[in-house]
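Peer 1: First, the structure itself, so that you have it in front of you.
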Amino acid sequence: MSAANSEAIVKPEANPDNYVWYLFYYNPNDERAIVPKRCKWLGWTINFGSRKGQCIGALFAGAIAGCVYYCYNSDKKCHYSFSELYEKIAAKFGKN
């Protein structure tokens with residue numbers, strides 16, 4: 001493969017035009033729902049341009065919204081200080 005051919009082959013996730021606000025990958029021509037990030041060591045990202053990616057993003061957003069709703073509207077306490085956590089754990093294992 002010549003140098004000209006290798007430069008012509010560019011992965012779509014490497015193209016900065018496929019990113020919204022340099023953060024969200026949006027490429028309706030790419031069928032993959034999850035794609036590698038531009039920097040491979042940063043992991044993976046969701047393609048919000050595909051229908052599957054939009055569903056995955058909606059599930060994540062719904063899960064976060066559900067957790068927030070549960071914490072604000074339940075009678076159970078959703079946050080503890082370190083001393084409260086220590087007391088709960090110590091009581092569970094019988095340590096005083």
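Letters A, B, ... mark the chains of the structure tokens in the order given; residue numbers begin at 1 per chain; ligand numbers begin at 1, in order shown.
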Mind the document's chain letters and residue numbers, and return as a list in words the residues of chain A that DSSP labels strand (DSSP E or B).

Peer 2: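 Output for chain A, strand (DSSP E or B) only: Tyr19, Val20, Phe24, Tyr25, Ile34, Val35, Pro36, Trp44, Thr45, Ile46 and Asn47 of chain A.
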
Peer 1: Which residues come within 10 Å of Ala33 (chain A), counting only C-alpha atoms, excluding same-chain residues fewer than 6 positions away, as a PyMOL selection string?

Peer 2: chain A and resi 27+45-57

Peer 1: Write down as a PyMOL selection string the residues of chain A whose backbone DSSP state falls under alpha helix (DSSP H).

Peer 2: chain A and resi 3-8+51-73+82-93

Peer 1: Mind pulling up the distance from CA of Leu59 (chain A) to CA of Leu42 (chain A)?

Peer 2: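 Separation of CA of Leu42 (chain A) and CA of Leu59 (chain A): 21.8 Å.
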
Peer 1: Find the distance between CA of Phe24 (chain A) and CA of Lys37 (chain A) and write it in Å to one decimal.

Peer 2: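 CA of Lys37 (chain A) lies 10.0 Å from CA of Phe24 (chain A).
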
Peer 1: For Trp44 (chain A), which residue out of A:Leu23, A:Val68, A:Cys78, A:Ala63 is the nearest one, using only C-alpha atoms?

Peer 2: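 Closest to Trp44 (chain A), using only C-alpha atoms: A:Leu23.
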